[in-house]
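S.K.: Structure file model.tsv, TSV, C-alpha atoms, is pasted below:
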chain	number	residue	atom	x	y	z
A	8	PRO	CA	32.08	5.99	-19.44
A	9	PRO	CA	30.87	9.17	-17.70
A	10	PRO	CA	27.12	9.36	-16.98
A	11	PRO	CA	24.98	11.33	-19.42
A	12	PRO	CA	23.96	14.92	-18.56
A	13	ALA	CA	21.19	15.19	-15.99
A	14	ASP	CA	18.68	16.71	-18.42
A	15	THR	CA	18.86	13.72	-20.80
A	16	THR	CA	18.70	10.88	-18.27
A	17	PRO	CA	15.38	9.06	-17.77
A	18	PRO	CA	13.03	9.80	-14.87
A	19	LEU	CA	12.66	7.40	-12.00
A	20	ALA	CA	9.40	5.76	-11.01
A	21	MET	CA	8.35	4.52	-7.60
A	22	SER	CA	6.81	1.18	-8.53
A	23	GLY	CA	4.64	-1.06	-6.42
A	24	GLY	CA	0.98	-0.26	-5.80
A	25	VAL	CA	-1.91	0.34	-8.17
A	26	ASP	CA	-1.36	4.10	-8.27
A	27	SER	CA	2.37	4.09	-8.94
A	28	SER	CA	1.99	1.30	-11.52
A	29	VAL	CA	-0.64	3.29	-13.45
A	30	ALA	CA	1.46	6.47	-13.17
A	31	SER	CA	4.48	4.59	-14.51
A	32	ALA	CA	2.41	3.19	-17.38
A	33	LEU	CA	1.28	6.70	-18.33
A	34	VAL	CA	4.85	8.00	-18.35
A	35	HIS	CA	5.96	4.93	-20.30
A	36	GLN	CA	3.35	5.82	-22.94
A	37	ALA	CA	4.96	9.24	-23.25
A	38	ILE	CA	8.69	8.42	-23.23
A	39	GLY	CA	8.87	4.69	-23.89
A	40	ASP	CA	11.87	2.71	-22.79
A	41	GLN	CA	13.64	5.76	-21.36
A	42	LEU	CA	11.71	5.09	-18.16
A	43	VAL	CA	13.71	3.43	-15.40
A	44	ALA	CA	11.64	2.13	-12.49
A	45	ILE	CA	13.04	1.52	-9.03
A	46	PHE	CA	11.28	-0.84	-6.65
A	47	VAL	CA	12.38	-0.46	-3.04
A	48	ASP	CA	11.93	-3.49	-0.81
A	49	THR	CA	11.44	-1.79	2.53
A	50	GLY	CA	10.91	-4.97	4.52
A	51	LEU	CA	7.44	-3.56	5.19
A	52	LEU	CA	5.60	-5.30	2.35
A	53	ARG	CA	2.84	-7.90	2.39
A	54	LYS	CA	3.55	-11.60	1.96
A	55	ASP	CA	5.30	-12.38	-1.37
A	56	GLU	CA	4.65	-8.83	-2.56
A	57	GLY	CA	8.18	-8.05	-3.70
A	58	GLY	CA	8.23	-10.87	-6.23
A	59	GLN	CA	4.69	-10.14	-7.40
A	60	VAL	CA	5.42	-6.46	-8.03
A	61	ALA	CA	8.66	-7.15	-9.89
A	62	SER	CA	7.01	-9.81	-12.05
A	63	ALA	CA	3.97	-7.66	-12.86
A	64	PHE	CA	6.11	-4.66	-13.73
A	65	ARG	CA	8.54	-6.50	-15.98
A	66	ASN	CA	5.83	-8.52	-17.73
A	67	ASN	CA	3.38	-5.68	-18.33
A	68	LEU	CA	5.39	-2.47	-18.67
A	69	ARG	CA	8.57	-4.06	-19.97
A	70	SER	CA	10.64	-1.19	-18.63
A	71	GLU	CA	13.95	-1.44	-16.86
A	72	LEU	CA	13.35	-2.30	-13.23
A	73	ILE	CA	15.93	-1.92	-10.48
A	74	THR	CA	15.16	-3.67	-7.19
A	75	VAL	CA	16.76	-2.31	-4.03
A	76	ASP	CA	16.73	-4.19	-0.72
A	77	ALA	CA	16.69	-1.45	1.91
A	78	SER	CA	14.86	-3.28	4.68
A	79	ASP	CA	17.65	-2.86	7.24
A	80	GLU	CA	17.76	0.88	6.58
A	81	PHE	CA	14.02	1.31	7.07
A	82	PHE	CA	13.88	-0.70	10.29
A	83	SER	CA	16.83	1.34	11.54
A	84	VAL	CA	15.13	4.73	11.07
A	85	LEU	CA	11.90	3.38	12.57
A	86	ALA	CA	13.53	1.96	15.72
A	87	GLY	CA	11.87	3.40	18.80
A	88	VAL	CA	9.42	5.55	16.77
A	89	THR	CA	5.75	5.15	17.75
A	90	GLU	CA	4.06	8.43	16.80
A	91	PRO	CA	2.22	8.05	13.43
A	92	GLU	CA	3.35	11.32	11.84
A	93	GLN	CA	6.97	10.67	12.79
A	94	LYS	CA	6.73	7.20	11.26
A	95	ARG	CA	5.37	8.58	7.99
A	96	ARG	CA	8.01	11.29	7.78
A	97	ALA	CA	10.78	8.79	8.55
A	98	VAL	CA	9.60	6.48	5.78
A	99	GLY	CA	9.11	9.35	3.31
A	100	GLU	CA	12.59	10.72	3.88
A	101	LYS	CA	14.24	7.29	3.70
A	102	PHE	CA	12.46	6.59	0.40
A	103	ILE	CA	13.92	9.75	-1.09
A	104	ARG	CA	17.42	9.06	0.27
A	105	VAL	CA	17.35	5.59	-1.30
A	106	PHE	CA	16.25	7.07	-4.62
A	107	GLU	CA	18.95	9.73	-4.43
A	108	GLU	CA	21.56	7.00	-3.98
A	109	GLN	CA	20.26	5.21	-7.06
A	110	ALA	CA	20.07	8.48	-9.00
A	111	LYS	CA	23.81	8.97	-8.62
A	112	LYS	CA	24.35	5.65	-10.41
A	113	LEU	CA	21.97	6.63	-13.22
A	114	GLY	CA	23.43	10.01	-14.07
A	115	GLN	CA	21.43	12.13	-11.63
A	116	PRO	CA	17.95	12.18	-13.28
A	117	LYS	CA	15.88	15.25	-12.50
A	118	PHE	CA	12.47	13.66	-12.18
A	119	LEU	CA	10.68	11.34	-9.80
A	120	VAL	CA	7.38	9.81	-10.94
A	121	GLN	CA	4.92	9.21	-8.09
A	122	GLY	CA	1.46	7.68	-7.91
A	123	THR	CA	0.00	10.47	-5.78
A	124	ILE	CA	-3.81	10.57	-6.02
A	125	TYR	CA	-6.35	13.12	-4.83
A	126	PRO	CA	-7.21	11.55	-1.44
A	127	ASP	CA	-3.48	11.71	-0.60
A	128	VAL	CA	-3.48	15.43	-1.41
A	129	VAL	CA	-6.61	16.16	0.62
A	130	GLU	CA	-5.59	14.21	3.74
A	131	SER	CA	-2.09	15.72	3.71
A	132	SER	CA	-3.45	19.26	3.27
A	133	ALA	CA	-1.02	19.91	0.43
A	134	ALA	CA	-0.39	23.42	-0.86
A	135	ASP	CA	-3.10	23.13	-3.52
A	136	ARG	CA	-5.61	22.02	-0.88
A	137	ASN	CA	-4.37	23.95	2.14
A	138	LYS	CA	-7.87	25.00	3.18
A	139	ALA	CA	-8.43	21.47	4.42
A	140	GLN	CA	-7.05	20.50	7.80
A	141	LYS	CA	-4.23	17.99	7.64
A	142	ILE	CA	-5.48	14.54	8.61
A	143	LYS	CA	-2.17	12.73	8.15
A	144	SER	CA	0.98	13.14	6.07
A	145	HIS	CA	1.12	10.73	3.17
A	146	HIS	CA	4.74	9.74	2.67
A	147	ASN	CA	4.57	10.91	-0.97
A	148	VAL	CA	3.06	14.32	-0.12
A	149	GLY	CA	3.61	15.74	3.37
A	150	GLY	CA	6.30	13.22	4.27
A	151	LEU	CA	8.89	14.25	1.68
A	152	PRO	CA	12.07	16.02	2.82
A	153	LYS	CA	12.32	19.71	1.90
A	154	ASP	CA	15.82	19.32	0.49
A	155	MET	CA	14.72	16.69	-2.06
A	156	LYS	CA	16.70	16.99	-5.30
A	157	PHE	CA	13.96	15.74	-7.67
A	158	ASP	CA	11.17	17.44	-9.57
A	159	LEU	CA	7.99	15.46	-9.06
A	160	VAL	CA	5.88	14.07	-11.90
A	161	GLU	CA	2.41	13.20	-10.57
A	162	PRO	CA	0.02	12.48	-13.47
A	163	LEU	CA	-2.73	11.13	-11.19
A	164	ARG	CA	-2.69	13.88	-8.58
A	165	TYR	CA	-6.31	14.96	-9.13
A	166	LEU	CA	-7.88	11.55	-9.71
A	167	PHE	CA	-9.76	9.32	-7.30
A	168	LYS	CA	-9.00	5.59	-6.96
A	169	ASP	CA	-11.85	4.47	-9.24
A	170	GLU	CA	-10.63	6.90	-11.92
A	171	VAL	CA	-7.06	5.63	-11.56
A	172	ARG	CA	-8.29	2.08	-12.15
A	173	ALA	CA	-10.24	3.22	-15.21
A	174	VAL	CA	-7.03	4.78	-16.59
A	175	GLY	CA	-5.13	1.56	-15.89
A	176	GLU	CA	-7.68	-0.51	-17.77
A	177	ALA	CA	-7.66	1.99	-20.68
A	178	LEU	CA	-3.87	1.61	-20.86
A	179	GLY	CA	-4.29	-2.14	-21.17
A	180	LEU	CA	-2.82	-3.09	-17.81
A	181	PRO	CA	-3.98	-6.51	-16.63
A	182	GLU	CA	-6.96	-6.61	-14.32
A	183	LYS	CA	-4.98	-8.46	-11.66
A	184	LEU	CA	-2.64	-5.47	-11.42
A	185	VAL	CA	-5.27	-2.73	-11.70
A	186	TRP	CA	-7.59	-4.28	-9.12
A	187	ARG	CA	-5.01	-5.48	-6.61
A	188	GLN	CA	-5.60	-4.50	-2.99
A	189	PRO	CA	-4.62	-0.89	-2.17
A	190	PHE	CA	-1.51	-0.63	-0.05
A	191	PRO	CA	-0.20	2.51	1.71
A	192	GLY	CA	3.15	3.90	0.62
A	193	PRO	CA	4.64	3.53	4.12
A	194	GLY	CA	3.69	-0.15	3.92
A	195	LEU	CA	3.01	-2.13	7.07
A	196	THR	CA	4.50	0.75	9.09
A	197	VAL	CA	1.05	2.30	9.46
A	198	ARG	CA	-0.63	-1.03	10.21
A	199	CYS	CA	1.85	-1.98	12.92
A	200	LEU	CA	0.74	0.37	15.70
A	201	GLY	CA	3.44	1.19	18.22
A	202	GLU	CA	7.09	0.40	17.51
A	203	VAL	CA	7.86	-1.21	14.16
A	204	THR	CA	10.21	-4.17	14.57
A	205	PRO	CA	11.02	-7.08	12.23
A	206	GLN	CA	9.33	-9.52	14.63
A	207	ARG	CA	6.08	-7.53	14.88
A	208	VAL	CA	5.98	-6.91	11.12
A	209	SER	CA	6.45	-10.64	10.48
A	210	ARG	CA	3.54	-11.35	12.83
A	211	LEU	CA	1.36	-8.77	11.10
A	212	ARG	CA	2.30	-10.03	7.63
A	213	ALA	CA	1.29	-13.60	8.53
A	214	ALA	CA	-2.09	-12.52	9.96
A	215	ASP	CA	-2.80	-10.30	6.97
A	216	ALA	CA	-2.05	-13.14	4.55
A	217	ILE	CA	-4.65	-15.31	6.30
A	218	LEU	CA	-7.29	-12.59	6.00
A	219	VAL	CA	-6.62	-12.04	2.30
A	220	ASP	CA	-6.57	-15.78	1.65
A	221	GLU	CA	-9.94	-16.38	3.29
A	222	LEU	CA	-11.66	-13.36	1.72
A	223	SER	CA	-10.31	-14.33	-1.70
A	224	ASN	CA	-11.53	-17.91	-1.28
A	225	ALA	CA	-14.94	-16.54	-0.36
A	226	GLY	CA	-15.03	-14.50	-3.58
A	227	LEU	CA	-15.16	-11.16	-1.78
A	228	LEU	CA	-11.91	-9.56	-2.97
A	229	ASN	CA	-11.83	-10.34	-6.69
A	230	ARG	CA	-14.02	-8.90	-9.43
A	231	ARG	CA	-16.93	-11.21	-10.17
A	232	TYR	CA	-17.85	-12.58	-13.59
A	233	SER	CA	-21.02	-13.66	-15.34
A	234	GLY	CA	-21.09	-16.74	-17.53
A	235	GLY	CA	-21.02	-14.70	-20.74
A	236	ASN	CA	-21.28	-16.73	-23.93
A	237	LYS	CA	-19.09	-18.57	-26.43
A	238	ILE	CA	-18.27	-15.33	-28.26
A	239	THR	CA	-17.57	-13.02	-25.31
A	240	GLY	CA	-16.31	-15.53	-22.78
A	241	PRO	CA	-16.73	-14.67	-19.08
A	242	MET	CA	-17.88	-11.08	-18.58
A	243	ARG	CA	-17.27	-8.77	-15.66
A	244	VAL	CA	-20.29	-8.04	-13.53
A	245	ASP	CA	-19.15	-5.57	-10.88
A	246	PRO	CA	-16.22	-4.59	-8.66
A	247	PRO	CA	-15.23	-6.65	-5.61
A	248	ALA	CA	-17.67	-6.76	-2.72
A	249	ILE	CA	-14.85	-5.50	-0.46
A	250	ALA	CA	-12.74	-2.60	-1.71
A	251	GLN	CA	-9.98	-2.97	0.88
A	252	ALA	CA	-9.22	-5.36	3.71
A	253	PHE	CA	-6.23	-5.73	6.01
A	254	VAL	CA	-5.06	-6.57	9.51
A	255	VAL	CA	-3.77	-4.03	12.04
A	256	LEU	CA	-1.44	-5.18	14.82
A	257	LEU	CA	-2.27	-3.37	18.04
A	258	PRO	CA	0.22	-2.40	20.78
A	259	VAL	CA	-2.15	-4.00	23.27
A	260	ARG	CA	-1.61	-7.27	25.12
A	261	SER	CA	-4.36	-9.29	26.70
A	262	VAL	CA	-4.68	-12.48	28.70
A	263	GLY	CA	-5.73	-15.63	26.89
A	264	VAL	CA	-5.60	-19.38	27.24
A	265	MET	CA	-4.23	-21.94	24.80
A	266	GLY	CA	-4.79	-25.49	25.95
A	267	ASP	CA	-4.02	-25.35	29.67
A	268	GLN	CA	-1.51	-22.52	29.32
A	269	ARG	CA	-2.00	-18.82	30.06
A	270	THR	CA	-1.00	-16.46	27.27
A	271	TYR	CA	-0.33	-12.73	27.34
A	272	GLN	CA	-0.05	-11.66	23.72
A	273	GLU	CA	-0.91	-8.95	21.22
A	274	ALA	CA	-4.30	-8.26	19.66
A	275	ALA	CA	-5.04	-7.90	15.96
A	276	ALA	CA	-7.83	-5.84	14.40
A	277	ILE	CA	-9.46	-6.65	11.05
A	278	ARG	CA	-10.43	-3.73	8.81
A	279	ALA	CA	-12.62	-4.37	5.74
A	280	VAL	CA	-14.48	-1.62	3.89
A	281	THR	CA	-16.71	-0.98	0.89
A	282	THR	CA	-16.12	2.19	-1.14
A	283	ASP	CA	-15.85	3.53	-4.69
A	284	ASP	CA	-13.61	6.57	-4.27
A	285	PHE	CA	-11.88	5.94	-0.88
A	286	MET	CA	-12.88	9.43	0.29
A	287	THR	CA	-15.76	7.86	2.21
A	288	ALA	CA	-16.17	4.21	3.16
A	289	ASP	CA	-18.43	1.89	5.11
A	290	TRP	CA	-17.36	-1.14	7.11
A	291	ALA	CA	-18.07	-4.44	5.38
A	292	ARG	CA	-20.68	-6.79	6.84
A	293	LEU	CA	-18.85	-10.10	6.71
A	294	PRO	CA	-20.63	-13.42	7.33
A	295	ASP	CA	-20.30	-14.61	10.93
A	296	ASP	CA	-18.93	-18.02	9.99
A	297	LEU	CA	-16.27	-16.43	7.80
A	298	MET	CA	-15.25	-14.06	10.60
A	299	ALA	CA	-14.98	-16.99	12.99
A	300	LYS	CA	-12.81	-18.95	10.56
A	301	ILE	CA	-10.45	-16.00	10.00
A	302	ALA	CA	-10.11	-15.30	13.74
A	303	ASN	CA	-9.51	-18.96	14.57
A	304	ARG	CA	-6.82	-19.28	11.91
A	305	ILE	CA	-5.01	-16.15	13.07
A	306	VAL	CA	-4.84	-17.07	16.74
A	307	ASN	CA	-3.90	-20.69	15.99
A	308	GLU	CA	-1.39	-20.08	13.18
A	309	VAL	CA	0.28	-16.77	14.09
A	310	ASP	CA	2.63	-16.87	17.06
A	311	GLY	CA	2.16	-13.90	19.39
A	312	ILE	CA	-1.52	-13.06	18.69
A	313	ASN	CA	-4.25	-14.37	20.99
A	314	ARG	CA	-7.16	-12.00	20.26
A	315	VAL	CA	-8.87	-10.70	17.10
A	316	VAL	CA	-11.32	-7.78	16.95
A	317	TYR	CA	-13.30	-6.26	14.04
A	318	ASP	CA	-13.40	-2.55	13.19
A	319	VAL	CA	-17.01	-1.41	12.64
A	320	THR	CA	-16.28	2.28	12.03
A	321	SER	CA	-17.07	4.07	8.77
A	322	LYS	CA	-15.06	6.86	7.10
A	323	PRO	CA	-15.76	9.47	8.35
A	324	PRO	CA	-15.28	9.63	11.29
A	325	ALA	CA	-12.42	7.13	11.03
A	326	THR	CA	-9.90	6.95	8.21
A	327	ILE	CA	-9.56	3.62	6.43
A	328	GLU	CA	-6.01	3.10	7.67
A	329	TRP	CA	-5.52	3.32	11.42
A	330	GLU	CA	-2.45	5.60	11.19
Mind turning the file's structure into structure tokens?
M.R.:
Amino acid sequence: PPPPPADTTPPLAMSGGVDSSVASALVHQAIGDQLVAIFVDTGLLRKDEGGQVASAFRNNLRSELITVDASDEFFSVLAGVTEPEQKRRAVGEKFIRVFEEQAKKLGQPKFLVQGTIYPDVVESSAADRNKAQKIKSHHNVGGLPKDMKFDLVEPLRYLFKDEVRAVGEALGLPEKLVWRQPFPGPGLTVRCLGEVTPQRVSRLRAADAILVDELSNAGLLNRRYSGGNKITGPMRVDPPAIAQAFVVLLPVRSVGVMGDQRTYQEAAAIRAVTTDDFMTADWARLPDDLMAKIANRIVNEVDGINRVVYDVTSKPPATIEWE
């Protein structure tokens, strides 16, 4: 049968991170099962993230979810690109082109739901904040193509991250989803400094998984609980000690030694911060023995990395992400 008219077809939702999941939940409250969410696997996700996102979305929002594997397309447009702004624009445009392709199959919906939040607007110097100097183009703000055929729906545009999480909890989303680690829209693109290739992204993904694993085991990434009582059960005490933590793969090689062999491999930087609103942040003071364990695991388990450094810069002057 012919597709329904464009003005009656459901909006699309970019699903994945905390912000887009909360935005989708808000829209779902308004229009119910008309919402169709599209999850794009860019090939630039963290370890096991595709399956986790799809499972969380289907189990908690119970909306239609379409998964698109576009990893080859994203690596193609990023080939040879090293400048951060060009990377972000390339990812932003490819996102929209993938959504436009899906829109044709769904009857050309007019709307695109995005999880844009206020720090994205400020750092991108969007039109409603054009007095601020542009720090970097977020793929969902300054990185969108001008000929985009969608009208944007951004219910979180003027909220900070802590407010977004409060909305998510008020909507009844599970804590595991609401408090999951923030992840930039361009994915590992902006954590893989220099050229983005499948091999380098795989290396970065493996190192990042080790960091998250060790910080989680140390109780630094998950919300802590008190004992509570028989009536209340365990009760939340406070947010995680670390608000965000990740690995950055540097386009820098250095000499090392493994056994009796000389190595000349890439370096990885660890970034861990404490913050409430993500507009300002301080670097996290991790225990020395934990840092040593993380570094040892990375250089011993991840092929191609022989040096690990720790970022001790606050925001400002640095941004949380490196690109």
S.K.: Once you count all atoms listed in the file, what closest atom pair and distance in Å to one decimal does each residue of range 41-65 of chain A within 10 Å of range 186-195 of chain A have, with rows by chain and rising residue number, as JSON lines?
M.R.:
{"residue": "A:Thr49", "atom": "CA", "partner": "A:Gly194", "partner_atom": "CA", "distance": 8.0}
{"residue": "A:Gly50", "atom": "CA", "partner": "A:Gly194", "partner_atom": "CA", "distance": 8.7}
{"residue": "A:Leu51", "atom": "CA", "partner": "A:Leu195", "partner_atom": "CA", "distance": 5.0}
{"residue": "A:Leu52", "atom": "CA", "partner": "A:Gly194", "partner_atom": "CA", "distance": 5.7}
{"residue": "A:Arg53", "atom": "CA", "partner": "A:Leu195", "partner_atom": "CA", "distance": 7.4}
S.K.: Taking all atoms listed in the file into account, name the residue in A:Ser261, A:Asn67, A:Ser83, A:Asn307 that is nearest to Val185 in chain A.
M.R.: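 For Val185 in chain A, the nearest of the candidates is A:Asn67.
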S.K.: Using only C-alpha atoms, which protein or nucleic acid residues come within 12 Å of Pro152 in chain A? Drop anything in the same chain fewer than 6 positions from it, and give the result as a PDB file with C-alpha atoms, in the coordinates of the input.
M.R.:
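And here is the file that came out, around21.pdb:
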ATOM      1  CA  ARG A  95       5.370   8.580   7.990  1.00  0.00           C
ATOM      2  CA  ARG A  96       8.010  11.290   7.780  1.00  0.00           C
ATOM      3  CA  ALA A  97      10.780   8.790   8.550  1.00  0.00           C
ATOM      4  CA  VAL A  98       9.600   6.480   5.780  1.00  0.00           C
ATOM      5  CA  GLY A  99       9.110   9.350   3.310  1.00  0.00           C
ATOM      6  CA  GLU A 100      12.590  10.720   3.880  1.00  0.00           C
ATOM      7  CA  LYS A 101      14.240   7.290   3.700  1.00  0.00           C
ATOM      8  CA  PHE A 102      12.460   6.590   0.400  1.00  0.00           C
ATOM      9  CA  ILE A 103      13.920   9.750  -1.090  1.00  0.00           C
ATOM     10  CA  ARG A 104      17.420   9.060   0.270  1.00  0.00           C
ATOM     11  CA  GLU A 107      18.950   9.730  -4.430  1.00  0.00           C
ATOM     12  CA  SER A 144       0.980  13.140   6.070  1.00  0.00           C
ATOM     13  CA  HIS A 146       4.740   9.740   2.670  1.00  0.00           C
TER      14      HIS A 146
END
S.K.: Between A:Ala248, A:Leu297, A:Val262, A:Met286, which residue has the minimum interatomic distance to Pro126 in chain A, considering only C-alpha atoms?
M.R.: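 Closest candidate: A:Met286.
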S.K.: For Ala86 in chain A, which residue among A:Val255, A:Val203, A:Ala216, A:Leu19 is the nearest when counting all atoms listed in the file?
M.R.: A:Val203
S.K.: May I ask which of the residues A:Val88, A:Ile73, A:Ile301, A:Leu211 is the closest one to Asp48 in chain A, counting only C-alpha atoms?
M.R.: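 Among the listed residues, A:Ile73 lies closest to Asp48 in chain A.
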S.K.: Pick out the closest residue to Glu273 in chain A from this set: A:Ala225, A:Val128, A:Ile45, A:Leu257. Count all atoms listed in the file.
M.R.: A:Leu257
S.K.: Name the residues, using the chain letters and numbers of the file, that sit within 9 Å of (-1.1, 10.9, -6.2) when counting all atoms listed in the file, and give them as a VMD selection string.
M.R.: chain A and resid 26 to 27 30 121 to 128 147 to 148 161 to 167
S.K.: In Å, how far is it from CA of Ala250 in chain A to CA of Leu228 in chain A?
M.R.: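 Separating CA of Ala250 in chain A from CA of Leu228 in chain A is a distance of 7.1 Å.
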S.K.: For Ala291 in chain A, which of A:Val264, A:Leu227, A:Arg207, A:Arg269 is the closest residue, counting all atoms listed in the file?
M.R.: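 Between A:Val264, A:Leu227, A:Arg207, A:Arg269, the residue approaching Ala291 in chain A most closely is A:Leu227.
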S.K.: Excluding same-chain residues fewer than 6 positions from Gly39 in chain A, what lies within 12 Å of it counting all atoms listed in the file, as a list of chain:residue names?
M.R.: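 Near Gly39 in chain A, the qualifying residues are A:Pro17, A:Pro18, A:Ser31, A:Ala32, A:Leu33, A:Leu68, A:Arg69, A:Ser70, A:Glu71.
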S.K.: Enter the distance from CA of Ala44 in chain A to CA of Val160 in chain A, in Å, rounded to one decimal.
M.R.: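 CA of Val160 in chain A lies 13.3 Å from CA of Ala44 in chain A.
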